[in-house]
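J.: This is the content of upload_0.cif (mmCIF, C-alpha atoms):
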data_input
loop_
_atom_site.label_atom_id
_atom_site.label_comp_id
_atom_site.auth_asym_id
_atom_site.auth_seq_id
_atom_site.Cartn_x
_atom_site.Cartn_y
_atom_site.Cartn_z
CA MET A 1 -18.85 -29.13 -6.10
CA VAL A 2 -15.78 -30.78 -7.66
CA ILE A 3 -17.84 -32.98 -9.96
CA SER A 4 -20.29 -30.32 -11.08
CA GLY A 5 -17.64 -27.68 -11.74
CA LEU A 6 -15.32 -29.97 -13.66
CA TYR A 7 -17.13 -30.09 -17.02
CA SER A 8 -18.04 -27.15 -19.25
CA ASN A 9 -19.97 -29.25 -21.82
CA LYS A 10 -21.81 -31.69 -19.61
CA PRO A 11 -23.70 -33.79 -22.21
CA GLN A 12 -20.53 -34.33 -24.23
CA SER A 13 -18.29 -34.84 -21.19
CA ILE A 14 -20.61 -37.31 -19.49
CA THR A 15 -20.98 -39.29 -22.72
CA ARG A 16 -17.22 -39.30 -23.28
CA GLU A 17 -16.42 -40.37 -19.70
CA ILE A 18 -18.95 -43.20 -19.46
CA TRP A 19 -18.18 -44.47 -22.97
CA SER A 20 -14.45 -44.32 -22.23
CA ASN A 21 -14.97 -46.48 -19.17
CA ALA A 22 -16.86 -48.98 -21.32
CA PHE A 23 -14.01 -48.90 -23.84
CA ASP A 24 -11.46 -49.52 -21.06
CA ALA A 25 -13.57 -52.38 -19.66
CA HIS A 26 -13.50 -54.10 -23.05
CA VAL A 27 -9.75 -53.55 -23.46
CA MET A 28 -9.10 -55.12 -20.05
CA VAL A 29 -10.82 -58.37 -21.05
CA GLY A 30 -9.57 -58.50 -24.64
CA LYS A 31 -12.82 -57.37 -26.29
CA GLN A 32 -11.47 -54.36 -28.20
CA ASP A 33 -13.38 -55.45 -31.31
CA VAL A 34 -16.71 -55.89 -29.51
CA PRO A 35 -19.04 -52.86 -29.43
CA PHE A 36 -20.69 -51.89 -26.17
CA ASP A 37 -24.39 -51.00 -26.12
CA VAL A 38 -25.83 -47.50 -25.80
CA THR A 39 -29.40 -46.30 -25.56
CA PHE A 40 -30.27 -42.85 -26.88
CA PRO A 41 -32.57 -40.71 -24.76
CA THR A 42 -35.83 -40.16 -26.66
CA ALA A 43 -39.11 -38.37 -25.98
CA ILE A 44 -40.72 -41.73 -25.18
CA THR A 45 -37.84 -43.06 -23.05
CA PRO A 46 -35.67 -40.13 -21.91
CA THR A 47 -32.88 -42.27 -20.49
CA PHE A 48 -29.13 -42.24 -21.08
CA SER A 49 -27.78 -45.80 -20.85
CA VAL A 50 -24.46 -47.55 -21.51
CA ARG A 51 -23.91 -51.29 -21.11
CA ASP A 52 -20.46 -52.81 -21.55
CA PHE A 53 -19.37 -56.44 -21.66
CA GLY A 54 -16.29 -56.21 -19.49
CA ALA A 55 -15.72 -57.94 -16.16
CA GLY A 56 -18.24 -55.94 -14.15
CA ILE A 57 -17.50 -54.96 -10.54
CA ALA A 58 -17.63 -57.22 -7.50
CA HIS A 59 -20.23 -56.29 -4.89
CA GLU A 60 -17.59 -55.72 -2.19
CA ASP A 61 -15.74 -53.23 -4.44
CA MET A 62 -18.74 -51.09 -5.38
CA GLU A 63 -18.72 -48.93 -2.24
CA GLY A 64 -15.19 -47.64 -2.74
CA PHE A 65 -15.56 -47.44 -6.50
CA TYR A 66 -18.59 -45.14 -6.45
CA THR A 67 -18.08 -43.06 -3.30
CA VAL A 68 -14.36 -42.19 -3.42
CA LEU A 69 -13.12 -39.55 -5.86
CA GLY A 70 -9.69 -40.28 -7.28
CA HIS A 71 -9.99 -44.06 -6.85
CA SER A 72 -8.51 -45.41 -10.08
CA THR A 73 -6.92 -48.65 -11.26
CA LYS A 74 -5.71 -47.06 -14.52
CA GLU A 75 -3.21 -44.43 -13.39
CA ASN A 76 -0.13 -46.55 -14.03
CA THR A 77 -1.14 -48.11 -17.35
CA ASN A 78 -1.06 -46.82 -20.92
CA THR A 79 -3.61 -49.34 -22.18
CA ALA A 80 -6.58 -47.56 -20.58
CA VAL A 81 -7.94 -44.10 -21.38
CA GLY A 82 -8.97 -43.14 -17.84
CA LYS A 83 -6.72 -42.42 -14.89
CA TRP A 84 -8.17 -39.61 -12.74
CA GLY A 85 -10.83 -41.64 -10.94
CA VAL A 86 -13.62 -39.09 -11.45
CA GLY A 87 -15.13 -39.98 -14.86
CA ARG A 88 -17.46 -42.65 -13.49
CA MET A 89 -19.00 -39.93 -11.28
CA SER A 90 -19.60 -37.57 -14.23
CA PRO A 91 -23.41 -38.12 -14.24
CA MET A 92 -23.40 -36.28 -10.89
CA SER A 93 -22.56 -33.09 -12.80
CA TYR A 94 -26.02 -33.35 -14.37
CA THR A 95 -28.23 -35.29 -11.97
CA ASP A 96 -28.44 -36.09 -8.26
CA THR A 97 -28.82 -39.80 -8.86
CA PHE A 98 -27.91 -42.48 -11.38
CA SER A 99 -28.29 -46.24 -11.59
CA VAL A 100 -25.67 -48.95 -11.90
CA VAL A 101 -26.17 -52.64 -12.67
CA SER A 102 -23.14 -54.89 -12.22
CA ARG A 103 -22.94 -58.35 -13.74
CA HIS A 104 -19.87 -60.07 -12.34
CA LYS A 105 -18.88 -63.74 -12.34
CA GLY A 106 -22.42 -65.08 -12.70
CA MET A 107 -24.00 -62.62 -10.25
CA ILE A 108 -26.08 -59.50 -10.88
CA ALA A 109 -26.72 -56.62 -8.47
CA TYR A 110 -28.59 -53.31 -8.73
CA TYR A 111 -27.50 -49.99 -7.20
CA THR A 112 -28.17 -46.28 -7.18
CA VAL A 113 -25.60 -43.56 -6.55
CA GLN A 114 -27.03 -40.43 -4.95
CA LEU A 115 -25.75 -37.20 -3.47
CA GLY A 116 -26.04 -37.34 0.31
CA PRO A 117 -27.04 -34.47 2.63
CA ASP A 118 -23.39 -33.37 2.83
CA GLY A 119 -23.04 -33.29 -0.96
CA SER A 120 -20.89 -36.41 -1.21
CA PRO A 121 -21.91 -39.48 -3.28
CA GLN A 122 -23.53 -42.41 -1.49
CA LEU A 123 -24.13 -45.93 -2.80
CA HIS A 124 -27.48 -47.64 -2.16
CA VAL A 125 -28.07 -51.32 -2.82
CA LEU A 126 -31.44 -51.83 -4.53
CA ALA A 127 -30.99 -55.58 -4.97
CA PRO A 128 -28.01 -57.55 -3.61
CA PRO A 129 -26.13 -60.01 -5.83
CA MET A 130 -28.19 -62.87 -7.20
CA PRO A 131 -27.37 -65.58 -9.79
CA THR A 132 -27.69 -64.68 -13.49
CA ASN A 133 -26.93 -66.22 -16.86
CA GLU A 134 -26.30 -62.80 -18.42
CA GLU A 135 -22.89 -61.86 -19.76
CA SER A 136 -20.65 -59.93 -17.36
CA GLY A 137 -20.40 -56.17 -17.61
CA LEU A 138 -21.48 -52.85 -16.14
CA GLU A 139 -24.56 -50.80 -17.04
CA VAL A 140 -24.92 -47.11 -16.15
CA SER A 141 -28.10 -45.11 -16.72
CA PHE A 142 -29.83 -41.91 -15.66
CA PRO A 143 -32.86 -39.84 -16.76
CA VAL A 144 -32.39 -36.95 -19.20
CA LYS A 145 -34.54 -33.82 -19.20
CA ARG A 146 -36.67 -33.66 -22.33
CA ASP A 147 -35.20 -30.25 -23.23
CA ASP A 148 -31.71 -31.82 -23.21
CA ILE A 149 -32.43 -34.91 -25.33
CA ARG A 150 -31.11 -33.35 -28.55
CA GLN A 151 -27.94 -32.18 -26.81
CA PHE A 152 -27.16 -35.70 -25.61
CA GLN A 153 -27.90 -37.15 -29.05
CA ASP A 154 -25.59 -34.61 -30.72
CA ALA A 155 -22.93 -35.25 -28.09
CA ALA A 156 -23.06 -38.97 -28.83
CA GLU A 157 -22.37 -38.31 -32.52
CA ILE A 158 -19.27 -36.25 -31.74
CA VAL A 159 -17.91 -38.62 -29.07
CA SER A 160 -18.43 -41.64 -31.35
CA TYR A 161 -15.82 -40.29 -33.80
CA GLY A 162 -13.03 -41.48 -31.53
CA PHE A 163 -14.11 -45.13 -31.54
CA SER A 164 -12.70 -47.43 -34.22
CA VAL A 165 -15.45 -49.86 -33.17
CA PRO A 166 -18.47 -47.60 -32.63
CA PRO A 167 -21.04 -48.42 -29.95
CA ARG A 168 -24.20 -50.28 -30.91
CA VAL A 169 -27.41 -48.27 -30.55
CA THR A 170 -30.01 -50.59 -29.03
CA ASN A 171 -33.16 -48.49 -29.37
CA SER A 172 -32.86 -47.46 -33.03
CA LYS A 173 -32.02 -49.52 -36.10
CA GLU A 174 -31.75 -46.39 -38.23
CA LYS A 175 -29.70 -44.30 -35.79
CA GLN A 176 -26.26 -45.90 -35.93
CA PHE A 177 -22.91 -44.13 -35.86
CA THR A 178 -21.29 -43.52 -39.24
CA GLY A 179 -17.93 -42.07 -38.19
CA VAL A 180 -15.94 -39.15 -39.56
CA ASN A 181 -15.88 -38.42 -43.30
CA LYS A 182 -12.22 -39.19 -44.06
CA VAL A 183 -10.92 -37.78 -47.36
CA PHE A 184 -7.28 -38.85 -46.99
CA GLU A 185 -5.53 -41.30 -44.68
CA GLY A 186 -1.80 -41.34 -43.94
CA ASP A 187 0.52 -42.98 -41.44
CA GLY A 188 -1.15 -42.45 -38.07
CA TYR A 189 -3.35 -39.56 -39.19
CA TYR A 190 -6.24 -38.69 -41.47
CA ILE A 191 -7.60 -35.54 -43.07
CA TYR A 192 -11.36 -35.12 -42.91
CA ASN A 193 -14.15 -33.05 -44.41
CA ASP A 194 -16.99 -33.06 -41.91
CA SER A 195 -19.24 -30.16 -40.96
CA ARG A 196 -19.59 -31.55 -37.42
CA LEU A 197 -15.87 -31.11 -36.62
CA ARG A 198 -13.57 -28.10 -36.85
CA GLY A 199 -9.78 -27.94 -36.82
CA ALA A 200 -7.11 -30.39 -35.70
CA TYR A 201 -7.44 -33.10 -33.06
CA ALA A 202 -5.11 -35.40 -31.17
CA GLN A 203 -6.60 -38.85 -30.66
CA MET A 204 -5.50 -41.04 -27.75
CA GLY A 205 -7.39 -44.28 -27.39
CA CYS A 206 -11.04 -43.46 -28.03
CA VAL A 207 -10.89 -39.74 -27.15
CA MET A 208 -10.19 -36.83 -29.51
CA TYR A 209 -8.70 -33.63 -28.03
CA PRO A 210 -8.62 -30.26 -29.87
CA ILE A 211 -5.09 -29.13 -30.77
CA PRO A 212 -4.53 -25.38 -30.26
CA THR A 213 -3.86 -23.59 -33.54
CA ASN A 214 -0.44 -22.29 -32.44
CA TYR A 215 0.90 -25.86 -32.73
CA LEU A 216 -0.16 -26.17 -36.36
CA GLY A 217 1.99 -25.13 -39.29
CA ASN A 218 -1.21 -24.68 -41.30
CA ARG A 219 -3.95 -23.38 -39.04
CA ASN A 220 -6.69 -24.33 -41.46
CA ILE A 221 -5.84 -28.03 -41.65
CA ALA A 222 -8.63 -30.43 -40.69
CA VAL A 223 -6.69 -33.40 -39.38
CA VAL A 224 -6.88 -36.06 -36.69
CA ILE A 225 -3.48 -37.29 -35.46
CA GLN A 226 -3.23 -40.51 -33.50
CA PHE A 227 -1.03 -40.74 -30.41
CA ASP A 228 -0.30 -43.61 -28.08
CA ILE A 229 -2.04 -43.37 -24.71
CA GLY A 230 0.38 -41.58 -22.40
CA ASP A 231 2.07 -39.48 -25.10
CA LEU A 232 0.05 -36.41 -24.10
CA GLU A 233 -1.20 -35.14 -20.76
CA VAL A 234 -4.85 -34.12 -20.40
CA THR A 235 -6.85 -32.03 -17.95
CA ALA A 236 -8.88 -33.75 -15.25
CA SER A 237 -12.08 -33.08 -17.21
CA ARG A 238 -10.54 -34.68 -20.33
CA GLU A 239 -12.03 -31.80 -22.31
CA ALA A 240 -8.60 -30.47 -23.29
CA LEU A 241 -4.90 -31.23 -23.45
CA SER A 242 -2.65 -30.15 -20.59
CA PHE A 243 0.38 -27.99 -21.44
CA GLY A 244 2.05 -27.78 -18.03
CA PRO A 245 5.79 -27.01 -17.71
CA HIS A 246 6.62 -30.67 -17.11
CA ASP A 247 4.06 -32.16 -19.53
CA PRO A 248 5.35 -33.79 -22.75
CA THR A 249 2.31 -32.55 -24.69
CA ALA A 250 3.78 -29.59 -26.59
CA ALA A 251 6.96 -31.39 -27.66
CA ASN A 252 5.14 -34.52 -28.78
CA ILE A 253 2.52 -32.60 -30.76
CA THR A 254 5.22 -30.54 -32.51
CA LYS A 255 7.14 -33.70 -33.38
CA ARG A 256 4.08 -35.49 -34.73
CA MET A 257 2.96 -32.45 -36.73
CA GLU A 258 6.36 -32.38 -38.45
CA GLU A 259 6.03 -36.10 -39.21
CA VAL A 260 2.51 -35.63 -40.57
CA TYR A 261 3.53 -32.80 -42.90
CA ALA A 262 6.58 -34.74 -44.10
CA ASN A 263 4.48 -37.83 -44.75
CA LEU A 264 1.75 -35.82 -46.48
CA TYR A 265 4.21 -34.01 -48.74
CA GLN A 266 5.93 -37.29 -49.64
CA LYS A 267 2.62 -38.92 -50.57
CA MET A 268 1.73 -35.90 -52.69
CA GLN A 269 5.13 -36.04 -54.40
CA ASP A 270 4.73 -39.77 -55.04
CA GLN A 271 1.41 -39.10 -56.80
CA VAL A 272 2.94 -36.29 -58.86
CA ASP A 273 5.86 -38.53 -59.86
#
Would it be possible to restate this file's structure as structure tokens?
T.:
Amino acid sequence: MVISGLYSNKPQSITREIWSNAFDAHVMVGKQDVPFDVTFPTAITPTFSVRDFGAGIAHEDMEGFYTVLGHSTKENTNTAVGKWGVGRMSPMSYTDTFSVVSRHKGMIAYYTVQLGPDGSPQLHVLAPPMPTNEESGLEVSFPVKRDDIRQFQDAAEIVSYGFSVPPRVTNSKEKQFTGVNKVFEGDGYYIYNDSRLRGAYAQMGCVMYPIPTNYLGNRNIAVVIQFDIGDLEVTASREALSFGPHDPTAANITKRMEEVYANLYQKMQDQVD
């Protein structure tokens, strides 16, 4: 019930959560400049798949990792996007089962995660660890309903905007991510003209969060402002920013907006001069 009710836009949220975990896995092993692999669901192969090249997960850690909500190794670090310990379970908001392949220290193992009779996730070992020459990393996949294929493809386009190194699409040479159409770039922000986005966004790590219009001096500005991870608080679903009474979000957005406008005006004045 917690997992299913957490996300309002499930295709986009699932894509964001699983891709963010792949991003974090690469950061943790110093592969920030290496793209992870994604497979688009298609009519021929309606499967959502993400394969990173991080460290993978040891067999003895899989049980706790995929059956305990809130289990996170990222809560006390500002180098990783995740921290709530629920994103890896996001496929459960869409399907009752998904597959995980872990390649870790020269071993490969196959698993499925399913909802048990009591509604809680259970891990099943399809094939125990065996030797492999494949590069370490984690692979997550699940089937997509044919009626939802387009939604997942569109979601991937939007989510990809947050990645400075976009994922590599493995099942299409033509369908690669092009990024946002930037028309002006300043110090820690850029203005865009792109029909697929609307309004202002705060970017932390690889995730872009909509900024409410009441925090913008110009409500029509189409801008993406970059923040350090930890500068802003986010909701558990990571679909929105959190503006709680003790959260630094509002103050930090206001400060950065003032800096953006000052920088933008100065650059305009420099061009006029």
J.: Would you kindly translate the PyMOL selection byres ((chain A and resi 41) around 9) into the concrete residues it picks from this file, as a ChimeraX atom specification?
T.: /A:39-40,42-49,143-144,146,149-150,152-153
J.: Evaluate the PyMOL selection byres ((chain A and resi 97) around 8) and record the selected residues as a list of chain:residue names, following the chain and residue labels used in the document.
T.: A:Pro91, A:Met92, A:Thr95, A:Asp96, A:Phe98, A:Ser99, A:Thr112, A:Val113, A:Gln114, A:Leu115, A:Phe142
J.: Could you check which of A:Val100, A:Val140, A:Val34, A:Val125 is closest to Arg51 of chain A, using only C-alpha atoms?
T.: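 Using only C-alpha atoms, Arg51 of chain A sits closest to A:Val140.
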J.: Run the PyMOL selection byres ((chain A and resi 175) around 12) on the file and write out the hits as a PDB file with C-alpha atoms, keeping the file's coordinate frame.
T.:
ATOM      1  CA  VAL A  38     -25.830 -47.500 -25.800  1.00  0.00           C
ATOM      2  CA  THR A  39     -29.400 -46.300 -25.560  1.00  0.00           C
ATOM      3  CA  PHE A  40     -30.270 -42.850 -26.880  1.00  0.00           C
ATOM      4  CA  PRO A  41     -32.570 -40.710 -24.760  1.00  0.00           C
ATOM      5  CA  THR A  42     -35.830 -40.160 -26.660  1.00  0.00           C
ATOM      6  CA  GLN A 153     -27.900 -37.150 -29.050  1.00  0.00           C
ATOM      7  CA  ASP A 154     -25.590 -34.610 -30.720  1.00  0.00           C
ATOM      8  CA  ALA A 156     -23.060 -38.970 -28.830  1.00  0.00           C
ATOM      9  CA  GLU A 157     -22.370 -38.310 -32.520  1.00  0.00           C
ATOM     10  CA  PRO A 167     -21.040 -48.420 -29.950  1.00  0.00           C
ATOM     11  CA  ARG A 168     -24.200 -50.280 -30.910  1.00  0.00           C
ATOM     12  CA  VAL A 169     -27.410 -48.270 -30.550  1.00  0.00           C
ATOM     13  CA  THR A 170     -30.010 -50.590 -29.030  1.00  0.00           C
ATOM     14  CA  ASN A 171     -33.160 -48.490 -29.370  1.00  0.00           C
ATOM     15  CA  SER A 172     -32.860 -47.460 -33.030  1.00  0.00           C
ATOM     16  CA  LYS A 173     -32.020 -49.520 -36.100  1.00  0.00           C
ATOM     17  CA  GLU A 174     -31.750 -46.390 -38.230  1.00  0.00           C
ATOM     18  CA  GLN A 176     -26.260 -45.900 -35.930  1.00  0.00           C
ATOM     19  CA  PHE A 177     -22.910 -44.130 -35.860  1.00  0.00           C
ATOM     20  CA  THR A 178     -21.290 -43.520 -39.240  1.00  0.00           C
TER      21      THR A 178
END
J.: Check the smallest atom-to-atom distance from each of A:Ala155, A:Met204, A:Val272, A:Ala262 to Asp187 of chain A using all atoms listed in the file, then report the winner.
T.: A:Ala262
J.: Any idea what the distance is between atom CA of Met130 of chain A and atom CA of Tyr111 of chain A?
T.: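 A separation of 12.9 Å between them.
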J.: Calculate how many Å separate atom CA of Tyr66 of chain A from atom CA of Arg238 of chain A, rounding to one decimal.
T.: 19.2 Å
J.: Residues within 9 Å of Gly30 of chain A, please, as a PyMOL selection string. Count all atoms listed in the file; anything in the same chain fewer than 4 positions from it doesn't count.
T.: chain A and resi 25-26+54
J.: For the residues selected in the previous step, produce a file with C-alpha atoms as a compact mmCIF listing (two decimals), in the frame of the given file.
T.:
# COMPACT_ATOMS: atom_id res chain seq x y z
CA ALA A 25 -13.57 -52.38 -19.66
CA HIS A 26 -13.50 -54.10 -23.05
CA GLY A 54 -16.29 -56.21 -19.49
J.: Would you mind telling me which residue in A:Val223, A:Met28, A:Gly199, A:Pro166 lies nearest to Lys182 of chain A when using all atoms listed in the file?
T.: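 Of the candidates, the smallest distance to Lys182 of chain A is held by A:Val223.
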J.: With all atoms listed in the file as the basis for distance, which of A:Gln151, A:Thr67, A:Ser237, A:Ser102 is at the shortest distance from Pro128 of chain A?
T.: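 Smallest separation from Pro128 of chain A among the options: A:Ser102.
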J.: Any idea what the distance is between atom CA of Glu185 of chain A and atom CA of Met268 of chain A?
T.: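 These two atoms are separated by 12.1 Å.
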J.: Restricting the calculation to all atoms listed in the file, which member of A:Thr249, A:Gln122, A:Thr235, A:Ser141 is positioned closest to Tyr7 of chain A?
T.: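 Using all atoms listed in the file, the shortest distance to Tyr7 of chain A belongs to A:Thr235.
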